[in-house]
Amino acid sequence: MKNLKKAFRLLALILILQAQAVLAASVDTVNTYSQAMKKNIKAVVIKPAGYDGSKALPVVYLLHGYSGNYTDWVTKVKAVQEQADQLNMLIVCPDGGFGSWYWDSPADPSFQYETYVSKELVSWIDEHYKTIPNRKGRAITGLSMGGHGALYLAIRHQDVYGAAGSMSGGVDIRPFPNNWDMADRLGTYDKEPARWESHTVINQLHLLAPNRLALMIDCGYDDFFYKVNLNLHEQLQYRNIPHDFITRPGAHNWQYWSNAVLYQLLFMHEYFTK
């Protein structure tokens with residue numbers, strides 16, 4: 001009898017684990033095509049448990065940083081998949097190239113990532129998944145280069161995205177003229193100053209109207225981008241643009257972003273459900 005009870009308990013445990021596995025988020029690795037760059041580009045699509053294409057879901061585009069790729073978020077922060085389940089959303093992780101900064105590069109035609117992420121990829125996702133195909137159902141955020149990219153793209157494409165966030169974002173590129181391949185995408189700062197001025201987030205704020213975009217900016221005290229993020233926060237305040245600004249101890253690393261992304265996704269969820 002004792003062995004029988006033990007066997008039943010073991011069977012019950014197996015069934016529970018199987019049920020949890022069935023209900024876990026699933027991850028698709030997809031091949032998309034960029035007409036602007038004439039090449040295939042991979043992306044990850046995280047689907048919440050139970051997704052069957054019958055109900056339209058909101059989408060968060062989650063961007064990687066410099067030197068990263070489309071696999072970064074799913075391999076380094078498992079909680080992202082859990083959040084897709086808990087918040088019932090699709091999460092798309094594009095490949096933004098090694099150092100694209102998510103611009104349409106005026107110096108290198110092989111880097112046209114503004115067009116790719118905000119037009120070509122969004123269209124592909126809406127065609128292949130059951131989404132809410134308007135700005136009320138789309139948000140974008142990212143880390144470092146991707147934090148810059150998320151704000152840059154959202155501000156310039158407010159018809160596409162309704163909410164945007166940044167984690168440790170390079171939101172003003174001008175203090176870093178020799179870093180992270182930016183001169184390869186824009187030309188050097190001394191020779192192409194106008195390009196640098198027009199391709200930095202801090203100089204896009206004139207395009208914003210109060211409450212048009214839901215905005216969340218997050219950067220740790222110990223981050224080398226802290227000062228430019230603080231300045232962005234102050235400039236948004238000066239312009240009366242409502243936004244959430246989070247800062248706490250932390251540096252430019254995955255330990256910080258693993259925590260920050262949970263708040264970002266919750267912020268996007270709150271936007272979607274208003």
# chains A, B, ... in the order shown; residues from 1 in each chain; ligands from 1
>>> residues_around(residues="Asp244 in chain A", least_positions_apart="3", cutoff="7 Å", atoms="only C-alpha atoms", output="PDB file with N, CA and C atoms, in the first residue's frame")
ATOM      1  N   LEU A 215       6.294  56.487 -21.953  1.00  0.00           N
ATOM      2  CA  LEU A 215       7.750  56.395 -21.924  1.00  0.00           C
ATOM      3  C   LEU A 215       8.260  55.947 -20.564  1.00  0.00           C
ATOM      4  N   MET A 216       9.255  55.054 -20.588  1.00  0.00           N
ATOM      5  CA  MET A 216       9.902  54.599 -19.356  1.00  0.00           C
ATOM      6  C   MET A 216      11.406  54.523 -19.585  1.00  0.00           C
ATOM      7  N   ILE A 217      12.166  55.235 -18.769  1.00  0.00           N
ATOM      8  CA  ILE A 217      13.624  55.298 -18.894  1.00  0.00           C
ATOM      9  C   ILE A 217      14.234  54.776 -17.595  1.00  0.00           C
TER      10      ILE A 217
END
>>> select_by_dssp(residues="range 75-244 of chain A", states="strand (DSSP E)", output="PyMOL selection string")
chain A and resi 90-94+138-142+163-167+214-218+244
>>> residues_around(residues="range 23-32 of chain A", least_positions_apart="3", cutoff="9 Å", atoms="only C-alpha atoms", output="list in words")
Gln18, Ala19, Gln20, Lys39, Asn40, Ile41, Lys42, Ala43, Val44, Val45, Ile46, Lys47, Pro48, Ala49, Gly50, Tyr51, Thr71, Val74, Gln81, Glu82, Gln83, Ala84, Asp85, Glu120, Leu121 and Trp124 of chain A
>>> write_last_selection(atoms="N, CA, C and O atoms", output="compact mmCIF listing (two decimals), in the first residue's frame")
# COMPACT_ATOMS: atom_id res chain seq x y z
N GLN A 18 4.43 17.91 -16.39
CA GLN A 18 4.06 17.88 -17.81
C GLN A 18 3.11 19.01 -18.14
O GLN A 18 3.22 19.66 -19.18
N ALA A 19 2.15 19.26 -17.24
CA ALA A 19 1.19 20.34 -17.46
C ALA A 19 1.90 21.69 -17.49
O ALA A 19 1.62 22.55 -18.32
N GLN A 20 2.87 21.85 -16.57
CA GLN A 20 3.63 23.10 -16.56
C GLN A 20 4.43 23.27 -17.82
O GLN A 20 4.55 24.37 -18.37
N LYS A 39 18.62 41.05 -47.60
CA LYS A 39 19.15 39.88 -46.89
C LYS A 39 18.12 39.34 -45.91
O LYS A 39 17.19 40.05 -45.52
N ASN A 40 18.31 38.07 -45.54
CA ASN A 40 17.49 37.46 -44.50
C ASN A 40 18.05 37.82 -43.13
O ASN A 40 19.27 37.87 -42.95
N ILE A 41 17.16 38.05 -42.20
CA ILE A 41 17.54 38.42 -40.83
C ILE A 41 16.70 37.58 -39.87
O ILE A 41 15.48 37.51 -40.00
N LYS A 42 17.36 37.00 -38.89
CA LYS A 42 16.66 36.17 -37.92
C LYS A 42 16.08 37.02 -36.78
O LYS A 42 16.56 38.10 -36.46
N ALA A 43 15.03 36.46 -36.17
CA ALA A 43 14.43 37.06 -34.98
C ALA A 43 13.88 35.94 -34.12
O ALA A 43 13.64 34.83 -34.59
N VAL A 44 13.68 36.24 -32.86
CA VAL A 44 13.04 35.32 -31.93
C VAL A 44 11.65 35.86 -31.61
O VAL A 44 11.49 37.07 -31.39
N VAL A 45 10.67 34.98 -31.61
CA VAL A 45 9.31 35.35 -31.22
C VAL A 45 8.91 34.46 -30.04
O VAL A 45 8.87 33.24 -30.16
N ILE A 46 8.64 35.08 -28.91
CA ILE A 46 8.21 34.35 -27.72
C ILE A 46 6.68 34.42 -27.65
O ILE A 46 6.10 35.51 -27.63
N LYS A 47 6.06 33.26 -27.63
CA LYS A 47 4.61 33.16 -27.58
C LYS A 47 4.17 32.71 -26.19
O LYS A 47 4.74 31.77 -25.64
N PRO A 48 3.16 33.34 -25.61
CA PRO A 48 2.71 32.92 -24.29
C PRO A 48 2.03 31.57 -24.33
O PRO A 48 1.60 31.09 -25.40
N ALA A 49 1.94 30.93 -23.19
CA ALA A 49 1.28 29.63 -23.09
C ALA A 49 -0.14 29.72 -23.62
O ALA A 49 -0.85 30.69 -23.37
N GLY A 50 -0.51 28.73 -24.38
CA GLY A 50 -1.87 28.68 -24.90
C GLY A 50 -2.10 29.48 -26.17
O GLY A 50 -3.21 29.49 -26.70
N TYR A 51 -1.07 30.17 -26.66
CA TYR A 51 -1.25 30.93 -27.89
C TYR A 51 -1.58 29.98 -29.04
O TYR A 51 -0.83 29.03 -29.32
N THR A 71 19.42 36.38 -30.06
CA THR A 71 19.27 35.33 -29.04
C THR A 71 19.55 35.83 -27.62
O THR A 71 19.30 35.11 -26.65
N VAL A 74 16.64 35.71 -24.80
CA VAL A 74 16.10 34.40 -24.43
C VAL A 74 17.13 33.49 -23.80
O VAL A 74 16.79 32.59 -23.04
N GLN A 81 10.71 34.89 -20.89
CA GLN A 81 9.70 33.93 -21.34
C GLN A 81 8.57 33.81 -20.32
O GLN A 81 7.40 33.71 -20.69
N GLU A 82 8.91 33.83 -19.05
CA GLU A 82 7.89 33.77 -18.00
C GLU A 82 6.97 34.99 -18.07
O GLU A 82 5.76 34.88 -17.87
N GLN A 83 7.55 36.14 -18.37
CA GLN A 83 6.75 37.35 -18.46
C GLN A 83 5.79 37.30 -19.65
O GLN A 83 4.67 37.83 -19.58
N ALA A 84 6.21 36.69 -20.74
CA ALA A 84 5.30 36.53 -21.88
C ALA A 84 4.06 35.76 -21.45
O ALA A 84 2.94 36.08 -21.86
N ASP A 85 4.26 34.73 -20.62
CA ASP A 85 3.15 33.95 -20.08
C ASP A 85 2.28 34.78 -19.15
O ASP A 85 1.06 34.89 -19.32
N GLU A 120 9.59 46.75 -41.95
CA GLU A 120 9.62 45.40 -42.54
C GLU A 120 9.32 44.32 -41.49
O GLU A 120 8.50 43.43 -41.73
N LEU A 121 9.96 44.38 -40.35
CA LEU A 121 9.73 43.36 -39.33
C LEU A 121 8.33 43.46 -38.74
O LEU A 121 7.66 42.44 -38.55
N TRP A 124 5.98 41.92 -41.10
CA TRP A 124 6.14 40.46 -41.13
C TRP A 124 5.48 39.81 -39.91
O TRP A 124 4.77 38.80 -40.04
>>> residues_around(residues="Tyr226 in chain A", least_positions_apart="2", cutoff="10 Å", atoms="only C-alpha atoms", output="PyMOL selection string")
chain A and resi 168-171+218-224+228-232+247+251-252
>>> write_last_selection(atoms="all heavy atoms", output="compact mmCIF listing (two decimals), in the first residue's frame")
# COMPACT_ATOMS: atom_id res chain seq x y z
N SER A 168 19.47 51.46 -19.59
CA SER A 168 20.89 51.83 -19.76
C SER A 168 21.16 52.31 -21.18
O SER A 168 22.20 51.99 -21.78
CB SER A 168 21.79 50.63 -19.44
OG SER A 168 21.50 50.07 -18.19
N GLY A 169 20.26 53.07 -21.73
CA GLY A 169 20.35 53.45 -23.14
C GLY A 169 21.40 54.50 -23.43
O GLY A 169 21.63 55.42 -22.64
N GLY A 170 22.02 54.39 -24.61
CA GLY A 170 22.94 55.42 -25.09
C GLY A 170 22.15 56.54 -25.72
O GLY A 170 22.20 56.74 -26.94
N VAL A 171 21.42 57.28 -24.90
CA VAL A 171 20.41 58.21 -25.40
C VAL A 171 20.98 59.53 -25.90
O VAL A 171 20.24 60.34 -26.47
CB VAL A 171 19.34 58.46 -24.31
CG1 VAL A 171 18.58 57.17 -24.01
CG2 VAL A 171 19.96 59.02 -23.03
N ASP A 218 15.21 53.89 -17.73
CA ASP A 218 15.80 53.21 -16.57
C ASP A 218 17.31 53.16 -16.75
O ASP A 218 17.80 52.74 -17.81
CB ASP A 218 15.21 51.79 -16.49
CG ASP A 218 15.63 51.04 -15.24
OD1 ASP A 218 16.66 51.38 -14.64
OD2 ASP A 218 14.91 50.09 -14.87
N CYS A 219 18.05 53.61 -15.74
CA CYS A 219 19.52 53.54 -15.81
C CYS A 219 20.10 53.55 -14.41
O CYS A 219 19.64 54.32 -13.55
CB CYS A 219 20.07 54.71 -16.62
SG CYS A 219 21.83 54.53 -17.04
N GLY A 220 21.10 52.72 -14.17
CA GLY A 220 21.72 52.62 -12.86
C GLY A 220 22.69 53.75 -12.56
O GLY A 220 23.28 54.34 -13.48
N TYR A 221 22.87 54.05 -11.29
CA TYR A 221 23.78 55.11 -10.86
C TYR A 221 25.21 54.89 -11.37
O TYR A 221 25.94 55.84 -11.62
CB TYR A 221 23.88 55.15 -9.33
CG TYR A 221 22.63 55.50 -8.58
CD1 TYR A 221 22.37 54.87 -7.37
CD2 TYR A 221 21.73 56.45 -9.04
CE1 TYR A 221 21.23 55.18 -6.63
CE2 TYR A 221 20.59 56.75 -8.32
CZ TYR A 221 20.34 56.12 -7.11
OH TYR A 221 19.21 56.42 -6.39
N ASP A 222 25.62 53.62 -11.44
CA ASP A 222 27.01 53.31 -11.74
C ASP A 222 27.28 53.09 -13.23
O ASP A 222 28.36 52.67 -13.61
CB ASP A 222 27.43 52.06 -10.96
CG ASP A 222 27.13 52.19 -9.47
OD1 ASP A 222 27.52 53.23 -8.90
OD2 ASP A 222 26.49 51.30 -8.89
N ASP A 223 26.30 53.38 -14.04
CA ASP A 223 26.40 53.17 -15.49
C ASP A 223 27.10 54.35 -16.14
O ASP A 223 26.87 55.51 -15.78
CB ASP A 223 24.99 53.00 -16.06
CG ASP A 223 24.97 52.36 -17.42
OD1 ASP A 223 25.59 52.91 -18.35
OD2 ASP A 223 24.32 51.31 -17.58
N PHE A 224 27.94 54.07 -17.14
CA PHE A 224 28.60 55.18 -17.85
C PHE A 224 27.63 55.99 -18.68
O PHE A 224 27.97 57.09 -19.15
CB PHE A 224 29.76 54.66 -18.73
CG PHE A 224 29.42 53.51 -19.63
CD1 PHE A 224 28.74 53.70 -20.82
CD2 PHE A 224 29.79 52.21 -19.29
CE1 PHE A 224 28.44 52.66 -21.67
CE2 PHE A 224 29.49 51.14 -20.13
CZ PHE A 224 28.81 51.36 -21.32
N VAL A 228 23.84 60.89 -19.29
CA VAL A 228 23.02 61.23 -20.46
C VAL A 228 21.57 60.84 -20.24
O VAL A 228 20.65 61.50 -20.76
CB VAL A 228 23.59 60.61 -21.76
CG1 VAL A 228 24.95 61.19 -22.09
CG2 VAL A 228 23.64 59.09 -21.72
N ASN A 229 21.32 59.80 -19.45
CA ASN A 229 19.95 59.44 -19.12
C ASN A 229 19.32 60.44 -18.17
O ASN A 229 18.13 60.79 -18.32
CB ASN A 229 19.90 58.03 -18.53
CG ASN A 229 19.87 56.96 -19.60
OD1 ASN A 229 18.82 56.52 -20.05
ND2 ASN A 229 21.05 56.52 -20.03
N LEU A 230 20.09 60.90 -17.21
CA LEU A 230 19.58 61.93 -16.30
C LEU A 230 19.25 63.20 -17.07
O LEU A 230 18.22 63.85 -16.83
CB LEU A 230 20.62 62.21 -15.22
CG LEU A 230 20.24 63.25 -14.16
CD1 LEU A 230 19.00 62.83 -13.39
CD2 LEU A 230 21.41 63.50 -13.21
N ASN A 231 20.10 63.56 -18.01
CA ASN A 231 19.85 64.74 -18.84
C ASN A 231 18.59 64.56 -19.68
O ASN A 231 17.79 65.50 -19.83
CB ASN A 231 21.06 65.02 -19.73
CG ASN A 231 20.91 66.32 -20.49
OD1 ASN A 231 20.42 67.31 -19.97
ND2 ASN A 231 21.35 66.33 -21.75
N LEU A 232 18.40 63.36 -20.22
CA LEU A 232 17.18 63.10 -20.99
C LEU A 232 15.94 63.28 -20.11
O LEU A 232 14.96 63.90 -20.52
CB LEU A 232 17.22 61.68 -21.56
CG LEU A 232 15.96 61.24 -22.33
CD1 LEU A 232 15.75 62.09 -23.58
CD2 LEU A 232 16.06 59.76 -22.71
N THR A 247 15.93 55.05 -11.46
CA THR A 247 17.36 54.90 -11.27
C THR A 247 17.61 54.29 -9.90
O THR A 247 16.85 54.52 -8.96
CB THR A 247 18.10 56.24 -11.42
OG1 THR A 247 19.50 56.02 -11.35
CG2 THR A 247 17.67 57.24 -10.37
N ALA A 251 25.13 48.80 -12.57
CA ALA A 251 26.06 49.14 -13.64
C ALA A 251 25.52 48.65 -14.98
O ALA A 251 24.36 48.22 -15.10
CB ALA A 251 27.43 48.53 -13.35
N HIS A 252 26.37 48.70 -15.99
CA HIS A 252 26.00 48.37 -17.36
C HIS A 252 26.24 46.87 -17.57
O HIS A 252 27.23 46.47 -18.19
CB HIS A 252 26.86 49.20 -18.31
CG HIS A 252 26.28 49.40 -19.67
ND1 HIS A 252 25.37 50.38 -19.97
CD2 HIS A 252 26.49 48.74 -20.84
CE1 HIS A 252 25.05 50.33 -21.25
NE2 HIS A 252 25.72 49.33 -21.81
>>> residues_around(residues="range 99-112 of chain A", least_positions_apart="4", cutoff="8 Å", atoms="only C-alpha atoms", output="VMD selection string")
chain A and resid 36 to 37 66 to 67 116 to 117 145 to 146 148 to 149 153 180 to 182 184 to 187 199
>>> closest_residue(among="A:Arg239, A:Lys119, A:His233, A:Lys55", to="Asn88 in chain A", atoms="only C-alpha atoms")
A:Lys55
>>> atom_distance(atom1="CA of Leu62 in chain A", atom2="CA of Ile91 in chain A")
6.8 Å
>>> atom_distance(atom1="CA of Leu208 in chain A", atom2="CA of Ser166 in chain A")
16.1 Å
>>> residues_around(residues="Leu63 in chain A", least_positions_apart="4", cutoff="8 Å", atoms="only C-alpha atoms", output="PyMOL selection string")
chain A and resi 70+93-96+140-143+146-147+149-150
>>> residues_around(residues="Ala209 in chain A", least_positions_apart="2", cutoff="9 Å", atoms="only C-alpha atoms", output="mmCIF file with N, CA, C and O atoms, in the first residue's frame")
data_model
loop_
_atom_site.group_PDB
_atom_site.id
_atom_site.type_symbol
_atom_site.label_atom_id
_atom_site.label_comp_id
_atom_site.auth_asym_id
_atom_site.auth_seq_id
_atom_site.Cartn_x
_atom_site.Cartn_y
_atom_site.Cartn_z
ATOM 1 N N LEU A 205 13.430 65.144 -29.252
ATOM 2 C CA LEU A 205 12.334 65.411 -28.317
ATOM 3 C C LEU A 205 11.319 66.421 -28.840
ATOM 4 O O LEU A 205 10.172 66.445 -28.379
ATOM 5 N N HIS A 206 11.722 67.249 -29.797
ATOM 6 C CA HIS A 206 10.768 68.200 -30.378
ATOM 7 C C HIS A 206 9.632 67.492 -31.115
ATOM 8 O O HIS A 206 8.595 68.116 -31.394
ATOM 9 N N LEU A 207 9.819 66.214 -31.414
ATOM 10 C CA LEU A 207 8.776 65.457 -32.117
ATOM 11 C C LEU A 207 7.698 64.935 -31.169
ATOM 12 O O LEU A 207 6.679 64.409 -31.623
ATOM 13 N N ASN A 211 1.906 62.984 -23.571
ATOM 14 C CA ASN A 211 1.047 61.794 -23.515
ATOM 15 C C ASN A 211 0.848 61.095 -24.857
ATOM 16 O O ASN A 211 0.013 60.191 -24.956
ATOM 17 N N ARG A 212 1.584 61.478 -25.864
ATOM 18 C CA ARG A 212 1.468 60.773 -27.143
ATOM 19 C C ARG A 212 2.131 59.406 -27.065
ATOM 20 O O ARG A 212 1.588 58.423 -27.562
ATOM 21 N N LEU A 213 3.306 59.337 -26.449
ATOM 22 C CA LEU A 213 4.000 58.073 -26.216
ATOM 23 C C LEU A 213 4.063 57.807 -24.716
ATOM 24 O O LEU A 213 4.368 58.713 -23.937
ATOM 25 N N ARG A 239 10.142 69.898 -21.010
ATOM 26 C CA ARG A 239 9.167 69.963 -22.100
ATOM 27 C C ARG A 239 7.782 69.472 -21.680
ATOM 28 O O ARG A 239 6.884 69.362 -22.518
ATOM 29 N N ASN A 240 7.614 69.151 -20.399
ATOM 30 C CA ASN A 240 6.326 68.664 -19.873
ATOM 31 C C ASN A 240 5.854 67.392 -20.569
ATOM 32 O O ASN A 240 4.665 67.229 -20.861
ATOM 33 N N ILE A 241 6.816 66.496 -20.834
ATOM 34 C CA ILE A 241 6.491 65.208 -21.429
ATOM 35 C C ILE A 241 6.429 64.170 -20.297
ATOM 36 O O ILE A 241 7.459 63.837 -19.709
#
>>> select_by_dssp(residues="range 11-234 of chain A", states="alpha helix (DSSP H)", output="number ranges by chain")
A: 11-22, 72-76, 79-87, 113-115, 122-128, 145-156, 182-186, 193-198, 226-234
>>> closest_residue(among="A:Arg135, A:Arg195, A:His128, A:Arg248", to="Ile173 in chain A", atoms="only C-alpha atoms")
A:Arg195
>>> atom_distance(atom1="CA of Thr75 in chain A", atom2="CA of Val201 in chain A")
28.3 Å
>>> closest_residue(among="A:Ala163, A:Lys78, A:Tyr113, A:Asn253", to="Leu266 in chain A", atoms="only C-alpha atoms")
A:Ala163
>>> decode(residues="range 180-256 of chain A", atoms="C-alpha atoms", output="compact mmCIF listing (two decimals), in the first residue's frame")
# COMPACT_ATOMS: atom_id res chain seq x y z
CA TRP A 180 30.91 51.26 -30.66
CA ASP A 181 31.17 51.60 -34.47
CA MET A 182 29.03 54.73 -34.52
CA ALA A 183 31.49 56.55 -36.79
CA ASP A 184 31.20 53.66 -39.26
CA ARG A 185 27.45 54.21 -39.44
CA LEU A 186 27.41 58.04 -39.46
CA GLY A 187 30.88 59.15 -40.49
CA THR A 188 33.22 60.74 -37.96
CA TYR A 189 31.83 63.43 -35.67
CA ASP A 190 34.33 66.04 -36.83
CA LYS A 191 33.44 65.52 -40.50
CA GLU A 192 29.70 64.83 -40.18
CA PRO A 193 28.50 66.78 -37.12
CA ALA A 194 25.02 67.32 -38.55
CA ARG A 195 24.47 63.57 -38.80
CA TRP A 196 25.45 63.05 -35.17
CA GLU A 197 23.14 65.85 -34.07
CA SER A 198 20.17 64.44 -35.99
CA HIS A 199 20.71 60.78 -35.04
CA THR A 200 20.79 61.11 -31.26
CA VAL A 201 17.70 60.56 -29.12
CA ILE A 202 18.13 63.71 -27.06
CA ASN A 203 17.62 65.81 -30.22
CA GLN A 204 14.38 64.04 -31.20
CA LEU A 205 12.33 65.41 -28.32
CA HIS A 206 10.77 68.20 -30.38
CA LEU A 207 8.78 65.46 -32.12
CA LEU A 208 6.99 64.54 -28.88
CA ALA A 209 3.70 65.88 -27.58
CA PRO A 210 2.56 65.27 -24.00
CA ASN A 211 1.05 61.79 -23.52
CA ARG A 212 1.47 60.77 -27.14
CA LEU A 213 4.00 58.07 -26.22
CA ALA A 214 4.08 56.16 -22.94
CA LEU A 215 7.75 56.39 -21.92
CA MET A 216 9.90 54.60 -19.36
CA ILE A 217 13.62 55.30 -18.89
CA ASP A 218 15.80 53.21 -16.57
CA CYS A 219 19.52 53.54 -15.81
CA GLY A 220 21.72 52.62 -12.86
CA TYR A 221 23.78 55.11 -10.86
CA ASP A 222 27.01 53.31 -11.74
CA ASP A 223 26.40 53.17 -15.49
CA PHE A 224 28.60 55.18 -17.85
CA PHE A 225 25.36 56.27 -19.56
CA TYR A 226 23.85 57.56 -16.31
CA LYS A 227 24.55 61.25 -16.98
CA VAL A 228 23.02 61.23 -20.46
CA ASN A 229 19.95 59.44 -19.12
CA LEU A 230 19.58 61.93 -16.30
CA ASN A 231 19.85 64.74 -18.84
CA LEU A 232 17.18 63.10 -20.99
CA HIS A 233 14.89 62.88 -17.96
CA GLU A 234 15.44 66.56 -17.19
CA GLN A 235 14.82 67.59 -20.80
CA LEU A 236 11.57 65.63 -20.84
CA GLN A 237 10.55 67.34 -17.61
CA TYR A 238 11.39 70.73 -19.11
CA ARG A 239 9.17 69.96 -22.10
CA ASN A 240 6.33 68.66 -19.87
CA ILE A 241 6.49 65.21 -21.43
CA PRO A 242 5.15 62.68 -18.88
CA HIS A 243 7.41 59.66 -18.41
CA ASP A 244 8.61 57.18 -15.82
CA PHE A 245 12.25 57.54 -14.77
CA ILE A 246 13.88 54.81 -12.69
CA THR A 247 17.36 54.90 -11.27
CA ARG A 248 18.96 52.75 -8.59
CA PRO A 249 22.36 51.23 -7.80
CA GLY A 250 23.62 49.23 -10.75
CA ALA A 251 26.06 49.14 -13.64
CA HIS A 252 26.00 48.37 -17.36
CA ASN A 253 25.55 44.61 -17.12
CA TRP A 254 23.15 41.69 -17.38
CA GLN A 255 22.54 41.64 -13.64
CA TYR A 256 20.96 45.07 -13.96
